[in-house]
Amino acid sequence: MLYSYQVNAQSRPLNFPKGNLKNKLNNKRDSIPNNQLVRPERPVKNLRQNPRNKPIQNNSLNNNNQVTQDTTEMVELNRSDELENFKEDGQEIRFLKGNIQMKQGNTLFFCDSAYQYISQNAILAWGEVTIIQGDSVQIFSDSLRYFGDTKDAYLIGNVVLKDSIQKLFTERLDYNLDTKIGTYFNGGLIDNGTSQLTSQIGVYNTDTHEAFFKDSVLIVSDTFMLKTDSLNYNTQTQFSEFLGPTLIVQDSAKIYCESGYYDFENKFAEFDKNPQYVKDDKVATAEKMIYDGEIKVIILEGNAQYTEDTRFAKADRIRYDEVNDITDLKGNAYVKDEDTEVTSDHIIYDGKTDSYTTEGKMIAKSEDQYIEADYSKKDGTTGNTILEGNVIIADTTQILKGNYVEFNDDTGDGFAAGDVFWQDTVNQTTILGDSIFFNKKTDYVNAIGRPLMTTIMDGDTLFLSADQLISKKMETDTTEIDELLAFKDVRMYKSDFQVVCDSMSYISSDSIFSFYYNPFIWSDSTQFSADTIHFTMKNEKIDSVFLIQNSFIIDTPDELFFNQVKGKYITMKFKESSPENVFIDVNSESVYYALDDQEAYIGVNHTKCSQMKMEFEEGDLKFIRFYKEPQSVMYPMKKANHSALQLSGFRWNQKQRPLSPADLNTPYHFIYTGKMNKNTNSIPSDDLPIDEMKTNSKASQDKTQETKLDETKEQDNPPINIKKNILRNRDTKNKENKTIDVQSRDD
């Protein structure tokens, strides 16, 4: 490279001989400015005239005017129209004029006028000076000072250096015919036909075509512009090396750097030291910038940053493919746009399809969503997104975790698998499972693989497990309703009640839980069973319970004696989570064990009737009313056949009762004795709808109440006051060691 070339701007002194030739030279081109050359003080004598058609001949030039190989280092005169020899200060000087031709080796010199200093082997020439060096270099100027021993040429005025590739234009040029290096200090221009280069200082080697330019360097072509302070440049290969602040403009792109190189022929460049790239609204910076014009690729290395419109990206390395509009960010990758910011080890973005891929831990944040995964891929054409490894998706209302998540932005459909965690943060509901199908737009969730759901109810945690759980929203004309469905082997645990059944549903608008296919519900020492059970919630507390078909309630404080109530329908109303009244309708039957004030058993009562009603006060049973021809028998404790008093359909089902959340997934087969619906994923219809049941129950109560008021005096079985509530919550744990005092009466 030429950047280490030392320029010697000082020319050797070569003055005109003394004397005045101004009046003898008729051609105005012979005039040399006084500030460039010094004329001799005395007139020249013995000027010899030669006919123009008979120039002075030299044997070293053949008839074909072809230059032979160097035989001497002396500058020889081939011809001149006029010639005068004289001596001055002891040196021989020759004055030449008109059609002058001289040579040194294979180099030819042409001019209109000249002084030839024989002893110094030098020339002082002016007037259309031409130097021809071999068949590759031609130099033109107004004047020339040439020293043959060192082959240094100093050319002044309208200098043109022409080689096989381009032309160099300047006002002053120092050129060495041995090294073939030319130097200018007062501005120059190089033109290769397709581009032009200008600078204040230039050093050019016509042999190697390498050049060094300094101060206000400018390269211009039809599609390219380069401005720099210092430049190494090969005019043949168009390889340039930037040695100072440089600005490149190509098409609409601008590149700035303070060091680097550009291979124009191969369209490959490397920019170092504070490189910057600007194109339209795109801005890029890095420690190093690489551009490959053949494949239209830009590479930013080291603290790389890229801005486009509202998008900002940074990474250790950024690669941008202009043709395919693909951006590849590696190492501490970060991308931010108007809505989202993404961080990952590796991000690949396809601008044409608005698709991206990330490798390594990825975090995507927006105003209303947070996404995290070890790998992600989004297809902008289909809207599909795939997330793998430690996936977290969170928004303002939901959180989803899993090992694999796939969803579609357009439809909202999605799928999650592998240790799935889903949470509704508004309703404080969580689902754990193997797989979940969901829809973000409709808030639909379908969990399979024995999922476990938890939710907060009345300040306590409710646990629900089944083979399949579905949560969805239903829209009506006036409101939006949340619905929860559970299928196959449903189990529920809460500290104050537990449930097992085949399937269940929950409707938020009415706060109704519905349990299907022979459900069992336990609350403390009480067990409820029926073909279908509904219970409604109010302020997160049980408000009412409806048992439909084969309804059965069992209560026992000690699992020795069982209070029982059965009927086709049973309706229970609660107040502050305690029973207020119970109404049994159609084929009512009860067995209860009476206690005295000391809570000792005094007997057992078995009653059959059409309907019965139990009233409670602060959780204690105050009385029971039997309606429509009741049949009642009271047995003393010692005479009662307690096994025979177990009503038809009696089943004390403690084996299936969940005693803790861990029991919700304990292996066992749910026992169903009724007929299964052919569509196992559908909720069956009740024999008697809830609304109809409420109406019938109220009508029956009203009718019975009227009968009771008319016939109270005639009834043989007045209300029985009992201290202990057969459905009252008991602390059975404290009564495990209680001594039961069995008493009987003769009557």
# chains A, B, ... in the order shown; residues from 1 in each chain; ligands from 1

call {"tool": "residues_around", "arguments": {"residues": "region 401-412 of chain A", "least_positions_apart": "3", "cutoff": "8 Å", "atoms": "only C-alpha atoms", "output": "number ranges by chain"}}
result
A: 382-393, 415-422, 438-442

call {"tool": "select_by_dssp", "arguments": {"residues": "region 302-506 of chain A", "states": "strand (DSSP E or B)", "output": "MDAnalysis selection string"}}
result
chainID A and resid 302:308 311:321 326:336 340:350 355:366 369:379 384:395 398:408 413:424 429:439 444:448 452:457 460:465 468:475 480:494 497:506

call {"tool": "closest_residue", "arguments": {"among": "A:Leu329, A:Val633, A:Ala153, A:Ile507", "to": "Asp345 (chain A)", "atoms": "only C-alpha atoms"}}
result
A:Leu329

call {"tool": "residues_around", "arguments": {"residues": "Leu144 (chain A)", "least_positions_apart": "3", "cutoff": "6 Å", "atoms": "only C-alpha atoms", "output": "ChimeraX atom specification"}}
result
/A:124-125,154-155

call {"tool": "residues_around", "arguments": {"residues": "region 276-290 of chain A", "least_positions_apart": "4", "cutoff": "9 Å", "atoms": "only C-alpha atoms", "output": "list in words"}}
result
Asp251, Ser252, Ala253, Lys254, Ile255, Tyr256, Cys257, Gly260, Phe268, Ala269, Glu270, Phe271, Asp272, Val297, Ile298, Ile299, Leu300, Glu301, Gly302, Asn303, Ala304, Gln305, Tyr306, Thr307, Glu308, Asp309, Asp316 and Arg317 of chain A

call {"tool": "closest_residue", "arguments": {"among": "A:Gly414, A:Gly98, A:Gly90, A:Gly105", "to": "Ile118 (chain A)", "atoms": "only C-alpha atoms"}}
result
A:Gly90

call {"tool": "residues_around", "arguments": {"residues": "Arg491 (chain A)", "least_positions_apart": "5", "cutoff": "12 Å", "atoms": "only C-alpha atoms", "output": "PyMOL selection string"}}
result
chain A and resi 450-454+462-469+486+497-504+515-516+519-522+656-670

call {"tool": "residues_around", "arguments": {"residues": "Glu480 (chain A)", "least_positions_apart": "2", "cutoff": "12 Å", "atoms": "only C-alpha atoms", "output": "PyMOL selection string"}}
result
chain A and resi 442-443+472-478+482-483+507-510

call {"tool": "closest_atom_pairs", "arguments": {"of": "region 279-356 of chain A", "to": "region 360-381 of chain A", "cutoff": "7 Å", "atoms": "only C-alpha atoms", "output": "CSV"}}
result
residue,atom,partner,partner_atom,distance
A:Asp339,CA,A:Ser366,CA,5.6
A:Thr340,CA,A:Ser366,CA,4.4
A:Glu341,CA,A:Lys365,CA,5.3
A:Val342,CA,A:Ala364,CA,4.2
A:Thr343,CA,A:Ile363,CA,5.2
A:Ser344,CA,A:Met362,CA,4.3
A:Asp345,CA,A:Gly360,CA,5.1
A:His346,CA,A:Gly360,CA,6.5
A:Thr353,CA,A:Gly380,CA,5.2
A:Asp354,CA,A:Gly380,CA,4.8
A:Ser355,CA,A:Gly380,CA,4.5
A:Tyr356,CA,A:Lys378,CA,5.2

call {"tool": "write_last_selection", "arguments": {"atoms": "N, CA and C atoms", "output": "compact mmCIF listing (two decimals), in the first residue's frame"}}
result
# COMPACT_ATOMS: atom_id res chain seq x y z
N ASP A 339 -45.31 -1.51 19.87
CA ASP A 339 -46.12 -2.25 20.83
C ASP A 339 -45.32 -3.24 21.68
N THR A 340 -44.23 -3.80 21.12
CA THR A 340 -43.59 -4.94 21.76
C THR A 340 -42.08 -4.77 21.80
N GLU A 341 -41.45 -5.31 22.85
CA GLU A 341 -40.01 -5.42 22.89
C GLU A 341 -39.64 -6.87 23.18
N VAL A 342 -38.63 -7.38 22.43
CA VAL A 342 -38.25 -8.79 22.48
C VAL A 342 -36.76 -8.89 22.76
N THR A 343 -36.38 -9.79 23.68
CA THR A 343 -34.98 -10.08 23.95
C THR A 343 -34.75 -11.58 23.79
N SER A 344 -33.59 -11.95 23.26
CA SER A 344 -33.25 -13.37 23.08
C SER A 344 -31.77 -13.46 22.73
N ASP A 345 -31.22 -14.67 22.77
CA ASP A 345 -29.85 -14.88 22.32
C ASP A 345 -29.73 -14.72 20.81
N HIS A 346 -30.79 -15.13 20.09
CA HIS A 346 -30.74 -15.12 18.62
C HIS A 346 -32.14 -14.84 18.09
N THR A 353 -42.59 -11.40 5.21
CA THR A 353 -43.73 -12.16 5.72
C THR A 353 -44.10 -11.79 7.15
N ASP A 354 -43.33 -10.84 7.75
CA ASP A 354 -43.54 -10.46 9.15
C ASP A 354 -43.45 -11.70 10.04
N SER A 355 -42.44 -12.55 9.77
CA SER A 355 -42.22 -13.77 10.54
C SER A 355 -40.91 -13.64 11.32
N TYR A 356 -40.82 -14.41 12.42
CA TYR A 356 -39.58 -14.38 13.19
C TYR A 356 -39.32 -15.73 13.85

call {"tool": "residues_around", "arguments": {"residues": "region 201-218 of chain A", "least_positions_apart": "5", "cutoff": "10 Å", "atoms": "only C-alpha atoms", "output": "ChimeraX atom specification"}}
result
/A:1-7,136-137,161-166,168,170,173-177,179-190,196,225-244,246-248
